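**Q** TSV, C-alpha atoms and all ligand atoms, file final.tsv:
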```
chain	number	residue	atom	x	y	z
Q	1	MET	CA	33.18	96.65	21.27
Q	2	THR	CA	33.72	98.79	18.20
Q	3	GLN	CA	33.63	102.05	20.13
Q	4	PHE	CA	37.31	101.32	20.75
Q	5	ARG	CA	40.11	102.90	18.75
Q	6	ASN	CA	43.43	101.88	20.25
Q	7	ILE	CA	43.87	98.30	21.39
Q	8	VAL	CA	46.82	96.87	23.29
Q	9	ILE	CA	46.99	93.07	23.36
Q	10	LEU	CA	49.34	91.17	25.66
Q	11	THR	CA	49.92	87.49	24.95
Q	12	GLY	CA	51.63	84.81	27.01
Q	13	ALA	CA	52.60	81.17	26.73
Q	14	GLY	CA	48.93	80.10	26.69
Q	15	VAL	CA	48.43	81.46	23.18
Q	16	SER	CA	51.06	79.02	21.88
Q	17	ALA	CA	50.03	76.05	24.05
Q	18	GLU	CA	47.74	74.60	21.37
Q	19	SER	CA	50.63	74.77	18.88
Q	20	GLY	CA	52.40	72.27	21.15
Q	21	ILE	CA	54.75	74.65	23.00
Q	22	ASP	CA	54.84	74.07	26.76
Q	23	THR	CA	53.84	76.90	29.09
Q	24	PHE	CA	55.69	77.51	32.37
Q	25	ARG	CA	52.91	77.03	34.89
Q	26	ASP	CA	51.26	74.03	33.29
Q	27	GLY	CA	54.25	71.82	34.06
Q	28	GLY	CA	53.71	72.01	37.81
Q	29	GLY	CA	56.51	74.53	38.34
Q	30	LEU	CA	58.90	72.75	35.98
Q	31	TRP	CA	59.63	73.88	32.45
Q	32	GLU	CA	60.35	70.82	30.34
Q	33	ARG	CA	61.69	69.06	33.44
Q	34	HIS	CA	63.95	71.98	34.47
Q	35	ARG	CA	63.53	74.40	37.36
Q	36	VAL	CA	63.20	77.92	35.94
Q	37	ASP	CA	66.04	79.02	38.26
Q	38	ASP	CA	68.37	76.51	36.59
Q	39	VAL	CA	67.83	77.67	33.01
Q	40	ALA	CA	66.27	81.14	32.90
Q	41	THR	CA	68.42	83.44	35.02
Q	42	PRO	CA	71.78	85.16	34.38
Q	43	GLU	CA	73.11	83.37	37.48
Q	44	ALA	CA	72.24	79.99	35.95
Q	45	PHE	CA	74.08	80.95	32.74
Q	46	ALA	CA	77.17	82.02	34.70
Q	47	ARG	CA	77.09	78.79	36.76
Q	48	ASP	CA	76.46	76.30	33.94
Q	49	PRO	CA	76.47	77.86	30.46
Q	50	GLY	CA	76.43	74.43	28.78
Q	51	LEU	CA	73.18	73.41	30.47
Q	52	VAL	CA	71.51	76.72	29.59
Q	53	GLN	CA	72.75	76.72	25.96
Q	54	ARG	CA	71.60	73.10	25.48
Q	55	PHE	CA	68.19	73.92	26.95
Q	56	TYR	CA	67.69	76.89	24.59
Q	57	ASP	CA	69.17	74.99	21.62
Q	58	MET	CA	66.48	72.37	22.20
Q	59	ARG	CA	63.69	74.97	22.49
Q	60	ARG	CA	64.99	76.86	19.41
Q	61	ALA	CA	64.95	73.66	17.36
Q	62	ALA	CA	61.51	72.66	18.68
Q	63	ILE	CA	59.69	75.90	17.88
Q	64	GLN	CA	60.79	75.68	14.26
Q	65	GLU	CA	58.70	72.50	13.99
Q	66	LYS	CA	55.57	74.20	15.35
Q	67	VAL	CA	52.94	76.14	13.44
Q	68	PRO	CA	50.66	79.04	14.38
Q	69	ASN	CA	47.21	78.06	15.67
Q	70	ALA	CA	43.80	79.70	15.19
Q	71	ALA	CA	44.51	82.28	17.93
Q	72	HIS	CA	47.71	83.52	16.22
Q	73	MET	CA	45.89	83.64	12.88
Q	74	ALA	CA	42.97	85.62	14.30
Q	75	LEU	CA	45.27	88.18	15.96
Q	76	ALA	CA	47.14	88.65	12.67
Q	77	ARG	CA	43.79	89.24	10.95
Q	78	LEU	CA	42.88	91.87	13.54
Q	79	ASP	CA	46.31	93.51	13.24
Q	80	GLN	CA	45.87	93.86	9.49
Q	81	ALA	CA	42.15	94.76	9.39
Q	82	TRP	CA	41.72	97.06	12.40
Q	83	PRO	CA	43.51	100.16	11.03
Q	84	LYS	CA	41.32	99.93	7.91
Q	85	LYS	CA	38.19	100.37	10.04
Q	86	GLY	CA	38.88	104.04	10.62
Q	87	MET	CA	41.50	106.76	10.73
Q	88	GLY	CA	43.95	106.54	13.58
Q	89	ARG	CA	42.93	103.10	14.87
Q	90	THR	CA	45.84	101.08	16.18
Q	91	VAL	CA	46.54	97.59	17.45
Q	92	THR	CA	49.69	97.06	19.47
Q	93	LEU	CA	50.47	93.37	19.96
Q	94	VAL	CA	52.93	92.74	22.77
Q	95	THR	CA	54.07	89.21	23.55
Q	96	GLN	CA	55.96	87.65	26.41
Q	97	ASN	CA	56.58	84.68	24.15
Q	98	VAL	CA	59.94	84.07	22.61
Q	99	ASP	CA	58.57	81.90	19.81
Q	100	ASP	CA	57.89	83.42	16.38
Q	101	LEU	CA	54.34	82.17	15.85
Q	102	HIS	CA	52.69	85.63	15.86
Q	103	GLU	CA	54.91	86.88	13.06
Q	104	ARG	CA	54.62	83.63	11.13
Q	105	ALA	CA	50.84	84.14	11.26
Q	106	GLY	CA	51.37	87.61	9.73
Q	107	ALA	CA	51.17	89.99	12.72
Q	108	SER	CA	53.66	92.64	13.73
Q	109	VAL	CA	54.60	92.06	17.33
Q	110	ILE	CA	56.70	93.54	20.11
Q	111	HIS	CA	58.78	90.82	21.79
Q	112	MET	CA	59.27	92.14	25.32
Q	113	HIS	CA	61.12	89.00	26.44
Q	114	GLY	CA	63.31	88.60	23.34
Q	115	GLU	CA	63.29	85.94	20.67
Q	116	HIS	CA	64.43	82.33	20.43
Q	117	LEU	CA	65.52	82.91	16.84
Q	118	LYS	CA	68.08	85.57	17.72
Q	119	ALA	CA	71.51	85.39	19.30
Q	120	TRP	CA	73.01	88.28	21.26
Q	121	CYS	CA	76.74	88.94	21.25
Q	122	THR	CA	77.61	90.04	24.77
Q	123	LEU	CA	80.86	91.54	23.45
Q	124	CYS	CA	79.77	93.78	20.56
Q	125	ASP	CA	76.04	93.94	21.50
Q	126	THR	CA	74.87	92.84	18.03
Q	127	ARG	CA	71.70	90.76	17.75
Q	128	SER	CA	71.74	88.31	14.84
Q	129	HIS	CA	69.04	86.05	13.41
Q	130	TRP	CA	69.91	82.55	14.56
Q	131	ARG	CA	68.35	79.16	13.83
Q	132	GLY	CA	71.06	76.67	14.79
Q	133	PRO	CA	72.67	75.64	18.09
Q	134	LEU	CA	74.88	77.84	20.29
Q	135	ILE	CA	76.35	75.08	22.44
Q	136	ASP	CA	79.64	74.89	20.50
Q	137	GLY	CA	80.31	78.63	20.83
Q	138	PRO	CA	80.00	79.74	17.19
Q	139	PRO	CA	81.51	83.15	16.29
Q	140	CYS	CA	79.38	86.29	16.28
Q	141	PRO	CA	78.60	87.15	12.61
Q	142	ALA	CA	79.42	90.82	13.34
Q	143	CYS	CA	82.65	90.71	15.38
Q	144	GLY	CA	83.77	87.08	15.40
Q	145	ALA	CA	83.86	86.77	19.20
Q	146	ARG	CA	82.61	83.53	20.69
Q	147	ALA	CA	80.32	85.33	23.09
Q	148	LEU	CA	76.81	84.56	21.83
Q	149	ARG	CA	73.91	83.86	24.18
Q	150	PRO	CA	70.21	83.37	23.51
Q	151	ASP	CA	68.55	86.77	23.00
Q	152	VAL	CA	65.90	86.08	25.61
Q	153	VAL	CA	65.19	88.12	28.73
Q	154	TRP	CA	65.89	86.01	31.78
Q	155	PHE	CA	64.37	86.52	35.23
Q	156	GLY	CA	66.13	89.48	36.81
Q	157	GLU	CA	66.85	91.17	33.46
Q	158	MET	CA	65.14	94.25	32.02
Q	159	PRO	CA	62.43	93.50	29.41
Q	160	TYR	CA	62.79	95.10	25.99
Q	161	HIS	CA	60.80	97.97	24.39
Q	162	MET	CA	59.21	99.22	27.65
Q	163	ASP	CA	59.02	102.83	26.37
Q	164	ARG	CA	57.03	101.76	23.32
Q	165	ILE	CA	54.77	99.56	25.40
Q	166	HIS	CA	54.03	102.28	27.97
Q	167	ALA	CA	53.31	104.77	25.18
Q	168	ALA	CA	50.80	102.32	23.67
Q	169	LEU	CA	49.20	101.71	27.09
Q	170	ARG	CA	48.77	105.45	27.59
Q	171	SER	CA	46.68	105.77	24.44
Q	172	ALA	CA	44.82	102.45	24.78
Q	173	ASP	CA	41.08	102.39	25.32
Q	174	LEU	CA	41.02	98.58	25.33
Q	175	PHE	CA	43.58	96.26	26.93
Q	176	VAL	CA	43.28	92.53	26.25
Q	177	SER	CA	45.36	89.85	27.97
Q	178	ILE	CA	45.51	86.42	26.35
Q	179	GLY	CA	46.97	83.18	27.76
Q	180	THR	CA	49.12	84.60	30.50
Q	181	SER	CA	49.18	83.62	34.17
Q	182	GLY	CA	49.76	87.20	35.39
Q	183	ALA	CA	52.68	85.98	37.49
Q	184	VAL	CA	55.60	87.64	35.70
Q	185	TYR	CA	56.18	91.39	36.16
Q	186	PRO	CA	56.26	93.96	34.63
Q	187	ALA	CA	53.83	92.39	32.11
Q	188	ALA	CA	51.51	91.33	34.94
Q	189	GLY	CA	51.13	95.02	35.90
Q	190	PHE	CA	50.01	96.24	32.46
Q	191	VAL	CA	46.35	95.58	33.25
Q	192	GLN	CA	46.46	97.88	36.29
Q	193	SER	CA	48.22	100.62	34.34
Q	194	ALA	CA	45.76	100.37	31.47
Q	195	ARG	CA	42.79	100.40	33.83
Q	196	ASP	CA	44.12	103.34	35.84
Q	197	LEU	CA	44.51	105.21	32.54
Q	198	GLY	CA	40.85	104.59	31.72
Q	199	ALA	CA	40.98	101.58	29.36
Q	200	ARG	CA	38.46	98.75	29.37
Q	201	THR	CA	40.21	95.50	30.29
Q	202	LEU	CA	39.43	92.00	29.02
Q	203	GLU	CA	41.06	88.68	29.84
Q	204	LEU	CA	40.95	85.56	27.63
Q	205	ASN	CA	42.48	82.58	29.41
Q	206	LEU	CA	41.99	78.93	30.25
Q	207	GLU	CA	41.58	79.82	33.93
Q	208	PRO	CA	41.47	83.11	35.86
Q	209	SER	CA	44.96	84.64	36.04
Q	210	GLN	CA	46.55	85.95	39.23
Q	211	GLY	CA	45.47	89.48	38.31
Q	212	SER	CA	41.97	88.47	37.29
Q	213	ARG	CA	40.29	90.97	39.60
Q	214	TRP	CA	41.76	93.85	37.58
Q	215	PHE	CA	39.83	92.87	34.46
Q	216	HIS	CA	36.38	94.27	33.73
Q	217	GLU	CA	35.61	91.01	31.94
Q	218	THR	CA	37.09	87.50	31.93
Q	219	ARG	CA	36.28	84.85	29.32
Q	220	LEU	CA	37.50	81.34	30.07
Q	221	GLY	CA	38.38	78.69	27.46
Q	222	PRO	CA	41.07	77.70	24.97
Q	223	ALA	CA	42.69	80.55	23.06
Q	224	SER	CA	42.06	78.82	19.72
Q	225	GLU	CA	38.31	79.27	20.33
Q	226	LEU	CA	38.06	82.47	22.40
Q	227	VAL	CA	40.42	84.61	20.32
Q	228	PRO	CA	38.80	84.05	16.88
Q	229	GLU	CA	35.37	84.70	18.46
Q	230	TRP	CA	36.55	87.96	20.03
Q	231	VAL	CA	38.29	89.11	16.82
Q	232	GLU	CA	35.09	88.47	14.86
Q	233	GLU	CA	33.18	90.63	17.37
Q	234	MET	CA	35.71	93.43	16.99
Q	235	LEU	CA	35.66	93.39	13.21
Q	236	ALA	CA	31.90	92.93	12.88
Q	237	GLY	CA	30.85	96.29	14.32
A	301	LIG	P1	52.64	80.94	32.05
A	301	LIG	O1	53.14	79.59	31.70
A	301	LIG	O2	52.96	81.50	33.38
A	301	LIG	O3	51.03	80.90	31.98
A	301	LIG	C1	50.34	80.35	30.90
A	301	LIG	C2	48.89	80.72	31.03
A	301	LIG	O4	48.22	80.28	29.85
A	301	LIG	C3	48.16	80.07	32.21
A	301	LIG	O5	47.37	81.04	32.89
A	301	LIG	C4	47.26	79.02	31.56
A	301	LIG	O6	46.04	78.84	32.23
A	301	LIG	C5	47.03	79.64	30.20
A	301	LIG	N1	46.76	78.67	29.15
A	301	LIG	C6	47.28	77.43	28.99
A	301	LIG	N2	46.79	76.85	27.89
A	301	LIG	C7	45.94	77.75	27.33
A	301	LIG	C8	45.12	77.74	26.18
A	301	LIG	N3	45.07	76.69	25.36
A	301	LIG	N4	44.36	78.83	25.91
A	301	LIG	C9	44.39	79.91	26.73
A	301	LIG	N5	45.14	79.98	27.83
A	301	LIG	C10	45.91	78.91	28.13
A	301	LIG	O7	53.09	81.89	30.90
A	301	LIG	P2	53.26	83.47	30.84
A	301	LIG	O8	52.17	84.11	31.63
A	301	LIG	O9	53.45	83.80	29.42
A	301	LIG	O10	54.58	83.87	31.63
A	301	LIG	C11	55.71	83.18	31.85
A	301	LIG	C12	56.91	83.37	30.95
A	301	LIG	O11	56.96	82.22	30.16
A	301	LIG	C13	57.03	84.46	29.97
A	301	LIG	O12	58.06	85.28	30.39
A	301	LIG	C14	57.48	83.80	28.63
A	301	LIG	O13	58.65	84.43	28.16
A	301	LIG	C15	57.80	82.42	29.01
A	301	LIG	N6	57.43	81.33	28.10
A	301	LIG	C16	57.29	81.53	26.76
A	301	LIG	C17	56.89	80.48	25.95
A	301	LIG	C18	56.74	80.71	24.45
A	301	LIG	O14	57.48	81.51	23.88
A	301	LIG	N7	55.79	80.05	23.77
A	301	LIG	C19	56.61	79.23	26.49
A	301	LIG	C20	56.80	79.06	27.89
A	301	LIG	C21	57.20	80.12	28.68
```
If you took the structure in this file and wrote it as structure tokens, what would it be?

**A**
Amino acid sequence: MTQFRNIVILTGAGVSAESGIDTFRDGGGLWERHRVDDVATPEAFARDPGLVQRFYDMRRAAIQEKVPNAAHMALARLDQAWPKKGMGRTVTLVTQNVDDLHERAGASVIHMHGEHLKAWCTLCDTRSHWRGPLIDGPPCPACGARALRPDVVWFGEMPYHMDRIHAALRSADLFVSIGTSGAVYPAAGFVQSARDLGARTLELNLEPSQGSRWFHETRLGPASELVPEWVEEMLAG
């Protein structure tokens, strides 16, 4: 595995499952007893902002009680150690998760679907670090308007940092997908792009994802076991 230089890693809800954060698909189509359409679309927010704010307030409070697991820790180790293995080696860690467990483990990460711990002012466009509730309409720290929403990308909205992610995919010689169902685009399409551009592709997941056929190799099992094993392999060579 150490012939590789530039690695792009995509993580999904499965990497945080063993930290006690629910995934989407594992709840039988419900996300903490809510239909995704009722809490994770701009239409839902327009229809019932109170329901959506309460839902995200609850998730924001919950993730602050959770801690990174062995998979987050191993990825942080790779992120820090890989560039030291040779000039020009890069790891780009992209997550669909809106929790902060990768950065709490010590990795730098691109949050393509936003972050639970940020609030976005829809009036002045400022994003502020945010730990408390939004349900009571607190003022934006930058402009004072009561127009804050969770800074998460809902279904139907454009993911963040796509230029950076595509640039990393173009130079990747290894693409690794961890704990994602491969159901949510554009992230689900990264494996095809990486493969078309000549990268080796590896999937680490509890079960084969929807795009499993695009991977050169699939390893099945819990992320807390598979990810540390794979990181050891990468750093051993
Ligand atoms: P998903 O819920 O669709 O799929 C989760 C995947 O993880 C499944 O394939 C499942 O088999 C796998 N998985 C479950 N437990 C695992 C484990 N212990 N080890 C390895 N794999 C495991 O999640 P997704 O693909 O990330 O996509 C859906 C969307 O869910 C994303 O947009 C994301 O923003 C959002 N989401 C985020 C969080 C979070 O921030 N932690 C939690 C739930 C949903």

**Q** What residues of the protein or nucleic acid chains come within 7 Å of ligand LIG 301 (chain A) when you use all atoms listed in the file? Reply as a VMD selection string.

**A** chain Q and resid 11 to 18 21 to 26 96 to 99 113 178 to 184 204 to 209 221 to 224

**Q** Residues at most 12 Å from Pro133 (chain Q), counting only C-alpha atoms, excluding those fewer than 5 positions away in the same chain, as a ChimeraX atom specification?

**A** /Q:50,52-62,116-119,138-139,148-150

**Q** Between Q:Asp163, Q:Glu229, Q:Asp100, Q:Asp38, which has the minimum distance to Gln64 (chain Q) (counting all atoms listed in the file)?

**A**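 Among Q:Asp163, Q:Glu229, Q:Asp100, Q:Asp38, it is Q:Asp100 that comes nearest to Gln64 (chain Q).
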
**Q** Find the residue from Q:Val176, Q:Val191, Q:Leu51, Q:Leu220 that sits nearest to Thr92 (chain Q); use all atoms listed in the file when measuring.

**A**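 Residue with the minimum atom-to-atom distance to Thr92 (chain Q): Q:Val176.
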
**Q** Smallest atom-to-atom distance to Ser108 (chain Q): which of Q:Val227, Q:Ala76, Q:Ala70, Q:Ala199, using only C-alpha atoms?

**A**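 Comparing Q:Val227, Q:Ala76, Q:Ala70, Q:Ala199 against Ser108 (chain Q), the winner is Q:Ala76.
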
**Q** Mind checking which residues fall within 8 Å of Leu101 (chain Q), counting all atoms listed in the file, ignoring those fewer than 5 positions away in the same chain, and posting them as a list in words?

**A**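 Surrounding residues, per the criterion: Ser16, Val67, Pro68 and His72 of chain Q.
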
**Q** Please give the centre and size of the box around region 150-166 of chain Q (axis-aligned, containing every atom listed in the file, 3 Å added per side), with values in Å to one decimal and written as lines of an AutoDock Vina configuration file.

**A**
```
center_x = 62.1
center_y = 93.1
center_z = 29.9
size_x = 22.2
size_y = 25.5
size_z = 19.8
```

**Q** How many Å lie between CA of Ala194 (chain Q) and CA of Arg219 (chain Q), rounded to one decimal?

**A** 18.3 Å

**Q** Is there a way to get, as a tab-separated table (two decimals) with C-alpha atoms, in the coordinates of the input, all residues within 7 Å of the point (83.4, 82.3, 24.6) in file coordinates, counting all atoms listed in the file?

**A**
```
chain	number	residue	atom	x	y	z
Q	137	GLY	CA	80.31	78.63	20.83
Q	146	ARG	CA	82.61	83.53	20.69
Q	147	ALA	CA	80.32	85.33	23.09
```

**Q** Can you sort out region 91-109 of chain Q so it carries N, CA, C and O atoms, written as a PDB file, keeping the file's coordinate frame?

**A**
```pdb
ATOM      1  N   VAL Q  91      46.403  98.792  16.626  1.00  0.00           N
ATOM      2  CA  VAL Q  91      46.540  97.590  17.450  1.00  0.00           C
ATOM      3  C   VAL Q  91      48.009  97.462  17.789  1.00  0.00           C
ATOM      4  O   VAL Q  91      48.857  97.526  16.893  1.00  0.00           O
ATOM      5  N   THR Q  92      48.311  97.335  19.065  1.00  0.00           N
ATOM      6  CA  THR Q  92      49.690  97.060  19.470  1.00  0.00           C
ATOM      7  C   THR Q  92      49.705  95.678  20.112  1.00  0.00           C
ATOM      8  O   THR Q  92      49.074  95.460  21.144  1.00  0.00           O
ATOM      9  N   LEU Q  93      50.391  94.745  19.454  1.00  0.00           N
ATOM     10  CA  LEU Q  93      50.470  93.370  19.960  1.00  0.00           C
ATOM     11  C   LEU Q  93      51.808  93.201  20.660  1.00  0.00           C
ATOM     12  O   LEU Q  93      52.862  93.343  20.045  1.00  0.00           O
ATOM     13  N   VAL Q  94      51.729  92.934  21.953  1.00  0.00           N
ATOM     14  CA  VAL Q  94      52.930  92.740  22.770  1.00  0.00           C
ATOM     15  C   VAL Q  94      52.928  91.290  23.222  1.00  0.00           C
ATOM     16  O   VAL Q  94      51.902  90.803  23.707  1.00  0.00           O
ATOM     17  N   THR Q  95      54.049  90.599  23.073  1.00  0.00           N
ATOM     18  CA  THR Q  95      54.070  89.210  23.550  1.00  0.00           C
ATOM     19  C   THR Q  95      55.202  88.991  24.539  1.00  0.00           C
ATOM     20  O   THR Q  95      56.279  89.594  24.424  1.00  0.00           O
ATOM     21  N   GLN Q  96      54.904  88.126  25.505  1.00  0.00           N
ATOM     22  CA  GLN Q  96      55.960  87.650  26.410  1.00  0.00           C
ATOM     23  C   GLN Q  96      56.636  86.423  25.814  1.00  0.00           C
ATOM     24  O   GLN Q  96      57.618  85.931  26.347  1.00  0.00           O
ATOM     25  N   ASN Q  97      56.052  85.920  24.730  1.00  0.00           N
ATOM     26  CA  ASN Q  97      56.580  84.680  24.150  1.00  0.00           C
ATOM     27  C   ASN Q  97      57.850  84.951  23.356  1.00  0.00           C
ATOM     28  O   ASN Q  97      58.004  86.008  22.745  1.00  0.00           O
ATOM     29  N   VAL Q  98      58.698  83.952  23.363  1.00  0.00           N
ATOM     30  CA  VAL Q  98      59.940  84.070  22.610  1.00  0.00           C
ATOM     31  C   VAL Q  98      59.891  83.238  21.324  1.00  0.00           C
ATOM     32  O   VAL Q  98      60.851  83.204  20.564  1.00  0.00           O
ATOM     33  N   ASP Q  99      58.743  82.578  21.106  1.00  0.00           N
ATOM     34  CA  ASP Q  99      58.570  81.900  19.810  1.00  0.00           C
ATOM     35  C   ASP Q  99      58.207  82.933  18.742  1.00  0.00           C
ATOM     36  O   ASP Q  99      57.988  84.106  19.054  1.00  0.00           O
ATOM     37  N   ASP Q 100      58.155  82.480  17.483  1.00  0.00           N
ATOM     38  CA  ASP Q 100      57.890  83.420  16.380  1.00  0.00           C
ATOM     39  C   ASP Q 100      56.536  83.167  15.720  1.00  0.00           C
ATOM     40  O   ASP Q 100      56.356  83.476  14.549  1.00  0.00           O
ATOM     41  N   LEU Q 101      55.599  82.596  16.478  1.00  0.00           N
ATOM     42  CA  LEU Q 101      54.340  82.170  15.850  1.00  0.00           C
ATOM     43  C   LEU Q 101      53.441  83.349  15.486  1.00  0.00           C
ATOM     44  O   LEU Q 101      52.693  83.273  14.512  1.00  0.00           O
ATOM     45  N   HIS Q 102      53.497  84.458  16.254  1.00  0.00           N
ATOM     46  CA  HIS Q 102      52.690  85.630  15.860  1.00  0.00           C
ATOM     47  C   HIS Q 102      53.155  86.157  14.504  1.00  0.00           C
ATOM     48  O   HIS Q 102      52.343  86.444  13.629  1.00  0.00           O
ATOM     49  N   GLU Q 103      54.463  86.306  14.337  1.00  0.00           N
ATOM     50  CA  GLU Q 103      54.910  86.880  13.060  1.00  0.00           C
ATOM     51  C   GLU Q 103      54.745  85.895  11.906  1.00  0.00           C
ATOM     52  O   GLU Q 103      54.449  86.296  10.783  1.00  0.00           O
ATOM     53  N   ARG Q 104      54.861  84.595  12.205  1.00  0.00           N
ATOM     54  CA  ARG Q 104      54.620  83.630  11.130  1.00  0.00           C
ATOM     55  C   ARG Q 104      53.162  83.628  10.690  1.00  0.00           C
ATOM     56  O   ARG Q 104      52.841  83.272   9.563  1.00  0.00           O
ATOM     57  N   ALA Q 105      52.261  84.018  11.629  1.00  0.00           N
ATOM     58  CA  ALA Q 105      50.840  84.140  11.260  1.00  0.00           C
ATOM     59  C   ALA Q 105      50.582  85.422  10.466  1.00  0.00           C
ATOM     60  O   ALA Q 105      49.528  85.566   9.860  1.00  0.00           O
ATOM     61  N   GLY Q 106      51.529  86.377  10.519  1.00  0.00           N
ATOM     62  CA  GLY Q 106      51.370  87.610   9.730  1.00  0.00           C
ATOM     63  C   GLY Q 106      51.146  88.858  10.552  1.00  0.00           C
ATOM     64  O   GLY Q 106      50.783  89.893  10.002  1.00  0.00           O
ATOM     65  N   ALA Q 107      51.353  88.804  11.868  1.00  0.00           N
ATOM     66  CA  ALA Q 107      51.170  89.990  12.720  1.00  0.00           C
ATOM     67  C   ALA Q 107      52.502  90.683  12.957  1.00  0.00           C
ATOM     68  O   ALA Q 107      53.551  90.043  12.929  1.00  0.00           O
ATOM     69  N   SER Q 108      52.447  91.994  13.212  1.00  0.00           N
ATOM     70  CA  SER Q 108      53.660  92.640  13.730  1.00  0.00           C
ATOM     71  C   SER Q 108      53.545  92.626  15.248  1.00  0.00           C
ATOM     72  O   SER Q 108      52.473  92.864  15.810  1.00  0.00           O
ATOM     73  N   VAL Q 109      54.649  92.351  15.904  1.00  0.00           N
ATOM     74  CA  VAL Q 109      54.600  92.060  17.330  1.00  0.00           C
ATOM     75  C   VAL Q 109      55.823  92.628  18.044  1.00  0.00           C
ATOM     76  O   VAL Q 109      56.922  92.666  17.472  1.00  0.00           O
TER      77      VAL Q 109
END
```
